[in-house]
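K.L.:
Coordinates in model-v4.cif, mmCIF, C-alpha atoms, are listed below.
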```cif
data_target
#
loop_
_atom_site.label_atom_id
_atom_site.label_comp_id
_atom_site.auth_asym_id
_atom_site.auth_seq_id
_atom_site.Cartn_x
_atom_site.Cartn_y
_atom_site.Cartn_z
CA SER A 1 0.00 0.00 0.00
CA ALA A 2 1.03 3.63 -0.42
CA VAL A 3 3.09 5.02 2.48
CA VAL A 4 1.59 8.37 3.44
CA SER A 5 2.10 10.79 6.30
CA GLY A 6 -0.22 10.64 9.30
CA LEU A 7 0.21 14.35 9.97
CA SER A 8 -2.72 16.64 9.29
CA LYS A 9 -1.96 19.88 7.43
CA GLN A 10 -2.18 21.81 10.69
CA GLN A 11 0.07 19.35 12.52
CA GLU A 12 2.65 19.43 9.72
CA LYS A 13 2.61 23.24 9.73
CA LYS A 14 3.14 23.26 13.49
CA LEU A 15 5.98 20.74 13.26
CA ARG A 16 7.70 22.53 10.38
CA SER A 17 7.57 25.79 12.33
CA MET A 18 10.26 24.32 14.60
CA PHE A 19 12.62 23.81 11.64
CA CYS A 20 12.45 27.21 9.91
CA GLN A 21 9.82 25.85 7.50
CA SER A 22 12.10 23.09 6.17
CA LYS A 23 10.67 20.27 4.08
CA LEU A 24 9.71 16.98 5.75
CA SER A 25 10.18 13.79 3.69
CA LEU A 26 8.67 10.60 5.12
CA LEU A 27 11.27 7.83 5.49
CA PHE A 28 9.68 5.35 7.89
CA LYS A 29 6.17 4.44 9.02
CA ALA A 30 6.01 1.75 11.71
CA SER A 31 2.50 0.53 10.80
CA VAL A 32 3.86 -0.25 7.31
CA HIS A 33 7.52 -1.11 7.85
CA GLY A 34 7.25 -2.68 11.31
CA TYR A 35 7.62 -1.68 14.97
CA SER A 36 11.21 -2.91 15.18
CA ALA A 37 14.69 -1.43 15.47
CA ASP A 38 15.89 -3.32 12.40
CA SER A 39 13.17 -1.89 10.15
CA PHE A 40 13.78 1.59 11.57
CA HIS A 41 17.52 1.46 10.87
CA GLN A 42 17.00 -0.02 7.42
CA LYS A 43 15.02 3.06 6.40
CA CYS A 44 16.61 5.80 8.51
CA ASP A 45 20.35 5.21 8.88
CA ARG A 46 22.65 7.82 7.31
CA GLN A 47 19.79 10.07 6.23
CA GLY A 48 21.07 13.29 7.82
CA PRO A 49 18.79 15.42 10.03
CA THR A 50 15.61 13.55 11.01
CA VAL A 51 12.61 13.96 13.26
CA VAL A 52 10.80 11.10 15.02
CA VAL A 53 7.03 11.68 15.23
CA ALA A 54 4.99 9.52 17.63
CA TYR A 55 1.20 9.43 18.04
CA ASN A 56 -0.96 8.12 20.89
CA ASN A 57 -4.66 7.77 21.62
CA SER A 58 -4.57 10.69 24.06
CA GLY A 59 -4.20 13.14 21.17
CA TYR A 60 -0.50 13.85 21.60
CA VAL A 61 1.96 14.19 18.74
CA PHE A 62 5.44 14.07 20.22
CA GLY A 63 8.96 13.04 19.30
CA ALA A 64 12.57 14.06 18.84
CA PHE A 65 14.86 15.82 16.36
CA THR A 66 18.54 15.23 15.68
CA SER A 67 20.78 16.96 13.14
CA SER A 68 23.13 13.93 13.16
CA ASP A 69 23.00 10.60 11.35
CA TYR A 70 21.81 7.33 12.80
CA ALA A 71 24.67 4.89 12.12
CA GLN A 72 24.53 2.24 14.90
CA THR A 73 27.94 3.24 16.28
CA GLY A 74 26.96 2.30 19.83
CA LYS A 75 28.11 5.72 21.08
CA ASP A 76 26.46 8.72 22.67
CA ILE A 77 26.18 11.43 20.02
CA VAL A 78 27.02 15.11 20.45
CA ASP A 79 24.29 17.30 18.95
CA ASP A 80 23.58 20.77 20.31
CA LYS A 81 20.66 21.12 17.86
CA ALA A 82 18.74 18.07 19.14
CA PHE A 83 15.45 18.54 21.00
CA LEU A 84 12.26 16.78 22.09
CA PHE A 85 8.86 18.23 21.23
CA SER A 86 5.15 17.71 21.84
CA PHE A 87 1.78 19.24 21.09
CA ASN A 88 -1.70 18.20 22.11
CA CYS A 89 -4.14 17.97 19.19
CA ASN A 90 -7.06 18.37 21.61
CA VAL A 91 -5.96 21.91 22.49
CA ASN A 92 -6.34 24.58 19.81
CA ASN A 93 -3.69 27.22 19.10
CA ASN A 94 -1.19 25.86 21.62
CA ASP A 95 2.51 26.35 20.90
CA PRO A 96 4.56 23.15 20.66
CA LEU A 97 6.52 22.12 23.74
CA ARG A 98 10.26 22.15 22.89
CA VAL A 99 12.84 20.64 25.25
CA VAL A 100 16.59 20.79 24.65
CA SER A 101 19.15 18.48 26.22
CA GLY A 102 20.76 19.43 29.50
CA ASN A 103 23.89 17.71 28.18
CA PRO A 104 24.39 18.12 24.39
CA GLN A 105 27.29 15.65 24.65
CA CYS A 106 24.65 12.94 25.06
CA ALA A 107 21.90 14.08 22.70
CA PHE A 108 21.00 10.48 21.83
CA ASN A 109 22.46 7.00 21.97
CA ASP A 110 23.36 5.70 18.52
CA GLY A 111 22.85 2.00 19.18
CA ASN A 112 21.03 -0.78 17.36
CA THR A 113 17.76 -0.08 19.17
CA GLY A 114 14.94 2.21 18.13
CA PRO A 115 15.52 5.99 18.36
CA ASN A 116 16.91 6.43 21.89
CA PHE A 117 17.12 9.95 23.26
CA GLY A 118 17.63 8.70 26.83
CA SER A 119 14.64 10.48 28.29
CA LEU A 120 12.48 9.11 25.47
CA ALA A 121 13.29 5.77 23.85
CA PHE A 122 11.00 4.89 20.92
CA LEU A 123 10.11 1.35 19.73
CA HIS A 124 11.06 0.16 23.23
CA ASN A 125 11.87 -3.56 23.14
CA ASN A 126 10.68 -3.64 19.49
CA THR A 127 7.12 -2.76 20.46
CA ALA A 128 4.69 0.09 19.77
CA THR A 129 5.66 1.78 23.02
CA VAL A 130 7.92 4.53 24.38
CA ASN A 131 10.13 4.33 27.46
CA SER A 132 9.84 7.69 29.24
CA ASN A 133 12.49 8.71 31.81
CA PRO A 134 13.02 12.49 32.15
CA GLY A 135 16.67 13.22 32.93
CA ILE A 136 19.00 14.49 30.22
CA TYR A 137 15.86 16.10 28.77
CA GLN A 138 13.73 17.57 31.59
CA PHE A 139 9.97 17.58 30.99
CA ASP A 140 6.62 16.95 32.62
CA PRO A 141 5.37 13.54 31.33
CA GLN A 142 1.79 14.84 31.34
CA GLN A 143 2.78 17.70 29.02
CA MET A 144 4.96 15.51 26.82
CA HIS A 145 2.68 12.54 26.15
CA GLY A 146 -0.20 12.66 28.62
CA ASN A 147 1.38 9.69 30.46
CA ASN A 148 0.23 7.47 27.59
CA LEU A 149 3.19 5.44 26.31
CA GLU A 150 1.24 3.21 23.93
CA LEU A 151 1.72 4.30 20.30
CA THR A 152 -0.87 4.26 17.56
CA GLU A 153 1.81 5.17 15.02
CA LEU A 154 5.46 6.17 14.72
CA GLU A 155 6.99 7.96 11.73
CA VAL A 156 10.43 9.30 10.89
CA TYR A 157 10.97 12.19 8.48
CA ARG A 158 14.09 13.58 6.87
CA VAL A 159 14.31 17.32 7.60
CA GLU A 160 15.54 19.09 4.47
CA ASP A 161 16.59 22.73 4.40
CA PHE A 162 15.09 24.63 1.44
CA GLY A 163 18.01 27.03 1.37
CA GLY A 164 15.95 30.04 0.28
CA LEU A 165 16.23 31.74 -3.11
CA MET A 166 19.29 32.46 -5.23
CA ASP A 167 20.04 36.08 -6.10
CA LYS A 168 19.57 35.27 -9.80
CA PRO A 169 17.87 32.40 -11.68
CA TRP A 170 20.44 29.70 -12.50
CA ARG A 171 18.66 28.93 -15.79
CA ARG A 172 17.60 31.75 -18.12
CA PHE A 173 13.82 31.82 -18.41
CA LEU A 174 11.22 34.35 -19.60
CA TRP A 175 7.85 34.53 -17.82
CA ASN A 176 5.86 37.29 -19.54
CA PHE A 177 2.53 36.65 -21.24
CA GLU A 178 4.06 37.30 -24.65
CA ARG A 179 6.39 34.37 -23.99
CA ARG A 180 3.39 32.07 -23.54
CA GLU A 181 1.95 33.12 -26.89
CA GLU A 182 5.37 32.83 -28.52
CA ILE A 183 5.82 29.23 -27.33
CA LEU A 184 2.28 28.30 -28.42
CA CYS A 185 3.08 29.63 -31.87
CA SER A 186 6.41 27.76 -31.97
CA VAL A 187 4.71 24.50 -31.01
CA SER A 188 1.96 24.95 -33.60
CA GLU A 189 4.47 25.67 -36.37
CA TRP A 190 6.90 22.85 -35.51
CA LYS A 191 7.18 20.02 -38.05
CA PRO A 192 9.41 16.91 -38.09
CA SER A 193 12.27 17.09 -40.59
CA LEU A 194 11.06 13.80 -42.13
CA LYS A 195 8.04 14.16 -44.40
CA SER A 196 6.87 10.61 -43.60
CA VAL A 197 6.01 11.64 -40.01
CA LYS A 198 3.35 14.17 -39.04
CA GLN A 199 3.74 14.08 -35.24
CA ALA A 200 6.42 13.30 -32.68
CA ARG A 201 5.47 10.39 -30.40
CA ILE A 202 6.57 11.06 -26.83
CA LEU A 203 6.46 8.26 -24.25
CA LEU A 204 5.88 9.11 -20.57
CA VAL A 205 7.48 6.68 -18.10
CA GLY A 206 7.70 6.91 -14.33
CA PRO A 207 6.83 5.47 -10.90
CA VAL A 208 3.25 5.11 -9.75
CA GLY A 209 1.84 8.50 -8.75
CA ALA A 210 4.64 10.55 -10.34
CA GLY A 211 2.17 12.49 -12.49
CA LYS A 212 2.32 11.01 -16.01
CA SER A 213 -1.42 11.12 -16.66
CA SER A 214 -1.66 14.48 -14.88
CA PHE A 215 0.99 15.83 -17.25
CA PHE A 216 -1.14 14.91 -20.26
CA ASN A 217 -4.20 16.49 -18.65
CA SER A 218 -2.18 19.62 -17.91
CA ILE A 219 -0.83 19.93 -21.46
CA ASN A 220 -4.34 19.31 -22.80
CA SER A 221 -5.58 22.09 -20.48
CA VAL A 222 -3.04 24.56 -21.90
CA PHE A 223 -4.37 24.07 -25.42
CA LYS A 224 -8.04 23.91 -24.43
CA GLY A 225 -7.85 27.06 -22.35
CA TYR A 226 -9.43 25.42 -19.30
CA VAL A 227 -8.50 22.63 -16.87
CA SER A 228 -9.15 19.24 -18.47
CA THR A 229 -9.28 15.78 -16.87
CA GLN A 230 -9.39 13.39 -19.81
CA ALA A 231 -6.83 10.89 -18.47
CA ASN A 232 -7.51 8.94 -15.26
CA THR A 233 -5.56 10.37 -12.32
CA GLY A 234 -5.52 10.06 -8.56
CA THR A 235 -3.62 8.36 -5.73
CA ALA A 236 -3.37 4.63 -5.32
CA GLY A 237 -0.89 1.99 -4.20
CA SER A 238 -0.60 0.62 -7.72
CA SER A 239 -0.78 2.12 -11.19
CA LEU A 240 -4.08 3.72 -12.19
CA THR A 241 -2.99 3.44 -15.83
CA THR A 242 -3.40 -0.19 -16.88
CA GLN A 243 -3.47 0.31 -20.65
CA PHE A 244 -1.04 1.72 -23.17
CA ARG A 245 -2.68 4.97 -24.27
CA THR A 246 -1.84 7.37 -27.07
CA TYR A 247 -3.32 10.82 -26.58
CA CYS A 248 -3.70 13.27 -29.46
CA ILE A 249 -4.57 16.79 -28.40
CA LYS A 250 -7.29 18.59 -30.31
CA PRO A 251 -6.18 22.00 -31.69
CA SER A 252 -7.89 24.99 -30.07
CA SER A 253 -7.19 28.43 -28.56
CA GLY A 254 -5.88 29.73 -31.85
CA VAL A 255 -3.50 26.79 -32.37
CA SER A 256 -4.06 25.18 -35.73
CA HIS A 257 -1.76 22.16 -35.40
CA ILE A 258 -0.57 19.97 -32.51
CA PRO A 259 2.61 18.25 -33.74
CA PHE A 260 2.99 15.64 -31.01
CA THR A 261 1.27 12.65 -29.43
CA LEU A 262 1.72 11.79 -25.75
CA CYS A 263 1.86 8.08 -24.90
CA ASP A 264 1.01 6.99 -21.35
CA THR A 265 2.10 3.73 -19.74
CA MET A 266 1.61 1.65 -16.63
CA GLY A 267 3.61 3.02 -13.68
CA LEU A 268 6.98 1.62 -12.64
CA GLU A 269 6.99 -0.47 -9.48
CA GLU A 270 9.85 -2.06 -7.52
CA GLY A 271 8.66 -5.65 -7.23
CA LEU A 272 8.93 -8.50 -9.69
CA ASN A 273 5.88 -8.92 -11.93
CA ALA A 274 4.67 -5.47 -10.88
CA GLY A 275 4.30 -2.33 -12.94
CA LEU A 276 5.53 -1.78 -16.49
CA ASP A 277 7.65 -4.68 -17.78
CA VAL A 278 10.94 -3.83 -19.51
CA ASP A 279 10.04 -6.08 -22.48
CA ASP A 280 6.71 -4.30 -22.96
CA PHE A 281 8.60 -1.01 -22.74
CA TYR A 282 11.03 -2.14 -25.46
CA ASN A 283 8.15 -3.19 -27.71
CA ILE A 284 6.49 0.21 -27.17
CA LEU A 285 9.71 1.94 -28.24
CA LYS A 286 9.85 -0.15 -31.42
CA GLY A 287 6.19 0.60 -32.23
CA HIS A 288 4.87 -2.94 -31.75
CA ILE A 289 2.14 -2.10 -29.21
CA ALA A 290 -1.16 -0.56 -30.29
CA ASP A 291 -3.30 1.94 -28.41
CA ARG A 292 -5.41 0.50 -25.54
CA TYR A 293 -3.27 -2.60 -25.08
CA GLN A 294 -4.06 -3.99 -21.60
CA PHE A 295 -0.80 -4.50 -19.69
CA ASN A 296 -0.13 -7.81 -17.97
CA SER A 297 2.84 -7.50 -15.60
CA SER A 298 3.35 -11.26 -15.37
CA MET A 299 3.18 -11.83 -19.15
CA PRO A 300 4.69 -9.31 -21.63
CA ILE A 301 3.01 -9.00 -25.02
CA GLN A 302 3.94 -11.65 -27.59
CA SER A 303 4.16 -11.49 -31.37
CA GLY A 304 0.90 -12.58 -32.98
CA THR A 305 -1.30 -11.59 -30.04
CA PRO A 306 -4.00 -8.88 -30.27
CA CYS A 307 -2.63 -5.30 -30.13
CA PHE A 308 0.78 -6.43 -31.43
CA ILE A 309 1.85 -4.54 -34.57
CA ASN A 310 4.10 -6.86 -36.55
CA SER A 311 5.62 -4.33 -38.97
CA PRO A 312 5.42 -0.87 -37.41
CA GLY A 313 6.38 2.19 -39.42
CA LEU A 314 8.31 5.17 -38.17
CA LYS A 315 5.08 6.94 -37.14
CA GLU A 316 4.28 4.09 -34.68
CA LYS A 317 7.72 4.19 -33.03
CA ILE A 318 8.65 6.36 -30.04
CA HIS A 319 10.71 9.43 -30.89
CA CYS A 320 11.41 10.70 -27.36
CA VAL A 321 11.15 9.22 -23.85
CA ALA A 322 10.27 11.51 -20.93
CA TYR A 323 10.88 10.00 -17.49
CA VAL A 324 8.45 11.52 -14.99
CA ILE A 325 9.60 11.87 -11.36
CA ASP A 326 7.85 13.38 -8.34
CA THR A 327 10.20 16.07 -6.97
CA CYS A 328 8.87 15.38 -3.46
CA LYS A 329 10.16 11.80 -3.67
CA VAL A 330 13.61 12.26 -5.22
CA LYS A 331 15.26 11.46 -1.87
CA LEU A 332 13.04 8.41 -1.48
CA LEU A 333 13.94 6.72 -4.78
CA SER A 334 15.12 3.27 -3.78
CA ASP A 335 18.11 1.47 -5.28
CA LYS A 336 15.67 -0.99 -6.88
CA MET A 337 13.81 1.85 -8.61
CA ILE A 338 17.09 3.42 -9.78
CA ASP A 339 18.12 0.00 -11.16
CA LYS A 340 14.80 -0.19 -13.01
CA PHE A 341 15.36 3.24 -14.54
CA ALA A 342 18.85 2.10 -15.59
CA ALA A 343 17.41 -0.97 -17.33
CA PHE A 344 14.89 1.19 -19.21
CA ARG A 345 17.58 3.68 -20.16
CA ARG A 346 19.76 0.90 -21.58
CA LYS A 347 16.91 -0.27 -23.81
CA THR A 348 16.25 3.30 -24.92
CA ASN A 349 19.93 3.89 -25.69
CA GLN A 350 20.02 0.73 -27.82
CA LEU A 351 17.46 2.32 -30.14
CA SER A 352 19.10 5.79 -30.01
CA VAL A 353 15.89 7.38 -28.71
CA PRO A 354 16.54 10.73 -26.95
CA GLN A 355 15.58 10.97 -23.28
CA LEU A 356 14.80 13.68 -20.76
CA VAL A 357 13.36 13.95 -17.25
CA LEU A 358 10.22 15.83 -16.18
CA MET A 359 10.26 16.72 -12.47
CA THR A 360 6.66 17.19 -11.34
CA LYS A 361 5.08 18.75 -8.22
CA VAL A 362 7.77 21.42 -7.78
CA ASP A 363 5.18 23.51 -5.94
CA GLU A 364 4.54 20.75 -3.41
CA ALA A 365 8.27 20.13 -2.97
CA CYS A 366 9.18 23.76 -2.21
CA PRO A 367 6.87 26.31 -0.53
CA LEU A 368 8.79 29.15 -2.20
CA VAL A 369 7.69 27.78 -5.58
CA ALA A 370 4.16 27.25 -4.21
CA GLU A 371 4.08 30.98 -3.40
CA ASP A 372 5.26 31.92 -6.90
CA VAL A 373 6.03 29.39 -9.64
CA LYS A 374 8.50 31.91 -11.10
CA ASN A 375 10.83 31.00 -8.20
CA VAL A 376 11.45 27.55 -9.65
CA TYR A 377 14.86 28.45 -11.13
CA GLN A 378 15.89 30.47 -8.07
CA SER A 379 15.02 27.82 -5.48
CA HIS A 380 18.15 26.27 -3.99
CA TYR A 381 16.11 23.20 -3.06
CA ILE A 382 14.70 22.57 -6.56
CA ASN A 383 18.19 23.08 -7.99
CA ARG A 384 19.59 20.45 -5.59
CA MET A 385 16.84 17.98 -6.46
CA MET A 386 17.44 18.46 -10.20
CA GLU A 387 21.17 17.90 -9.73
CA GLU A 388 20.48 14.75 -7.70
CA VAL A 389 18.13 13.35 -10.36
CA SER A 390 20.73 14.12 -13.03
CA ALA A 391 23.42 12.24 -11.10
CA ARG A 392 21.32 9.24 -10.03
CA LEU A 393 19.67 8.65 -13.42
CA GLY A 394 22.78 9.48 -15.42
CA VAL A 395 21.21 12.20 -17.59
CA SER A 396 22.54 15.64 -18.37
CA LEU A 397 21.24 18.45 -16.16
CA SER A 398 20.15 20.23 -19.35
CA ALA A 399 17.77 17.29 -19.95
CA VAL A 400 16.04 17.76 -16.55
CA VAL A 401 12.94 19.98 -16.78
CA PRO A 402 10.83 21.07 -13.76
CA ILE A 403 7.06 21.37 -14.21
CA LYS A 404 3.89 22.02 -12.24
CA ASN A 405 0.82 20.02 -13.27
CA TYR A 406 -2.73 21.24 -12.84
CA SER A 407 -4.15 19.22 -9.94
CA LYS A 408 -6.47 21.25 -7.70
CA GLU A 409 -6.96 24.32 -9.91
CA LEU A 410 -10.19 25.09 -11.75
CA ASP A 411 -8.68 27.68 -14.10
CA ILE A 412 -5.42 27.78 -16.02
CA ASP A 413 -2.57 30.07 -14.99
CA PRO A 414 -0.21 31.76 -17.52
CA GLN A 415 2.95 31.06 -15.48
CA THR A 416 2.09 27.37 -15.08
CA ASP A 417 1.32 27.25 -18.82
CA ILE A 418 4.74 28.67 -19.65
CA LEU A 419 6.50 26.02 -17.52
CA LEU A 420 4.45 23.25 -19.16
CA LEU A 421 4.95 24.60 -22.68
CA ASN A 422 8.69 24.84 -22.08
CA ALA A 423 8.66 21.08 -21.34
CA VAL A 424 6.85 20.51 -24.66
CA ILE A 425 9.49 22.55 -26.50
CA GLN A 426 12.30 20.51 -24.91
CA MET A 427 10.61 17.24 -25.90
CA LEU A 428 10.11 18.42 -29.48
CA ARG A 429 13.76 19.50 -29.67
CA ALA A 430 14.81 16.06 -28.41
CA ALA A 431 12.57 14.34 -30.98
CA GLU A 432 14.03 16.58 -33.68
CA GLY A 433 17.44 15.12 -32.87
CA TYR A 434 16.00 11.64 -33.47
CA PHE A 435 14.58 12.68 -36.85
CA ASP A 436 17.80 14.46 -37.82
CA ASP A 437 19.75 11.20 -37.34
CA LEU A 438 17.34 9.39 -39.67
CA TYR A 439 17.42 12.28 -42.14
CA ASN A 440 21.21 12.08 -42.29
CA VAL A 441 21.03 8.32 -42.90
CA GLU A 442 18.52 8.82 -45.73
CA GLU A 443 20.63 11.59 -47.29
CA SER A 444 23.79 9.47 -47.26
CA ALA A 445 22.01 6.38 -48.64
#
```
Take the structure in the file and give it back as structure tokens.

P.N.:
Amino acid sequence: SAVVSGLSKQQEKKLRSMFCQSKLSLLFKASVHGYSADSFHQKCDRQGPTVVVAYNNSGYVFGAFTSSDYAQTGKDIVDDKAFLFSFNCNVNNNDPLRVVSGNPQCAFNDGNTGPNFGSLAFLHNNTATVNSNPGIYQFDPQQMHGNNLELTELEVYRVEDFGGLMDKPWRRFLWNFERREEILCSVSEWKPSLKSVKQARILLVGPVGAGKSSFFNSINSVFKGYVSTQANTGTAGSSLTTQFRTYCIKPSSGVSHIPFTLCDTMGLEEGLNAGLDVDDFYNILKGHIADRYQFNSSMPIQSGTPCFINSPGLKEKIHCVAYVIDTCKVKLLSDKMIDKFAAFRRKTNQLSVPQLVLMTKVDEACPLVAEDVKNVYQSHYINRMMEEVSARLGVSLSAVVPIKNYSKELDIDPQTDILLLNAVIQMLRAAEGYFDDLYNVEESA
């Protein structure tokens, strides 16, 4: 099942207020991963600054922050930034209780147990309980946890500093309304260099919930002039897209020609026989799979079966692959998921298909971008996430494009449109490189 935070919006806001509005990324959830020290360390070791968040039936949300790593060294850790905290959800508008250590030389014990801050030891004896013993951290147990040491949940979040805004955008970008109209015109006038192809076919690939279908809806909205929801979207533990879909956008809003088709796939998942299969992916690239093919994770499509195109032409093949990644989950990409991306990239490279990365939900990942989408190229945090994606996936930073999909809006926004249209331009430029290679081969033949 999907691993989601148990914090309400108000609780998260209150918790983040203690960290200068830093971003919280969920690493561990005991009800999902297990109430044990081993499962905690598997998810939380060497993750940098973290906060433990415990819940009980008395309405208390309490826990502990450390700016140091968990590493199972068996030593007491020096951390003058560590503190315990608590707030009672039954009391409105109360400020969080914050307790610092009386001895920063012993902020917490870095053993092989659950998070152990001496005065509060979580996952005590590998159970859903807390051992409470005020000492190094002095507090009133009633204020801290209401004397209720039985947990209904325990979560651990990485605390990530946003880093504010750069003095200047690190990537040159124009935001005025004229720029929106200019890009729309450029898209409408774009044509492949090969006369045998009318449209570029762009394949969207990414983990479940990354925003592939939402990206199509958002691009469709730009050209329609209002927010559209043609493709199925939402949140689920497994892929909502179960068919291979090819979406052609109907020209409107003064645009006479849409020179691309967006192809949506089943989401990537970590497990065996789960999510999009690499063989199905390869067949999509080569143009063998027809629209509305129903994916079967345990059995890739075979030659001669329905929806298999035996002799695809260039117009059925994929001309550009766009990997779609949720910016909020860059730090949570597992080694298995990175390995899966690597396998897909190898197949794509074999066919010389250009690739780029779309980083979605930049507004959810950084509150500075949520305030004003024009901050996207001045946000230190977004810049760091783009650099990390570039390094982990092995793609050039110039091939990483941040976007904001339409999700809760009822009306389109010019700045969001510009960011989305810029992604379209980058995909068309990548596809043009694919066509240029074929054009050169034809010219030399």

K.L.:
One decimal, in Å: what's the spacing between atom CA of Asn220 of chain A and atom CA of Val324 of chain A?

P.N.:
16.9 Å

K.L.:
Residues within 12 Å of Cys106 of chain A, please, as an MDAnalysis selection string. Count only C-alpha atoms; anything in the same chain fewer than 3 positions from it doesn't count.

P.N.:
chainID A and resid 66 75:83 100:103 109:110 116:119 135:137

K.L.:
So, with all atoms listed in the file as the atoms that count, which of A:Val278, A:Ile412, A:Val255, A:Val52 lies closest to Glu153 of chain A?

P.N.:
A:Val52

K.L.:
Quick one: residues within 12 Å of Ser252 of chain A, all atoms listed in the file counted, chain neighbours fewer than 6 positions away excluded, as number ranges by chain?

P.N.:
A: 184, 188, 220-226, 258

K.L.:
Keeping C-alpha atoms for every residue in the selection just given, could you write it to a file as a short mmCIF file (atom, residue, chain, number, x, y, z; two decimals), keeping the file's coordinate frame?

P.N.:
```cif
data_model
loop_
_atom_site.label_atom_id
_atom_site.label_comp_id
_atom_site.auth_asym_id
_atom_site.auth_seq_id
_atom_site.Cartn_x
_atom_site.Cartn_y
_atom_site.Cartn_z
CA LEU A 184 2.28 28.30 -28.42
CA SER A 188 1.96 24.95 -33.60
CA ASN A 220 -4.34 19.31 -22.80
CA SER A 221 -5.58 22.09 -20.48
CA VAL A 222 -3.04 24.56 -21.90
CA PHE A 223 -4.37 24.07 -25.42
CA LYS A 224 -8.04 23.91 -24.43
CA GLY A 225 -7.85 27.06 -22.35
CA TYR A 226 -9.43 25.42 -19.30
CA ILE A 258 -0.57 19.97 -32.51
#
```

K.L.:
Tell me, as a ChimeraX atom specification, which residues lie within 12 Å of Thr360 of chain A, counting all atoms listed in the file; anything in the same chain fewer than 2 positions away does not count.

P.N.:
/A:206-207,209-215,218,322-330,357-358,362-366,376,382,385-386,400-407,416,419-420,423

K.L.:
Using the chain letters and numbering of this document, enumerate as a PyMOL selection string the residues selected by the PyMOL selection byres ((chain A and resi 197-202) around 6).

P.N.:
chain A and resi 194-196+203+259-263+315+318-321

K.L.:
Applied to this file, what does the PyMOL selection byres ((chain A and resi 43) around 10) return in terms of residues, put as a ChimeraX atom specification?

P.N.:
/A:26-29,33,38-42,44-47,156,332
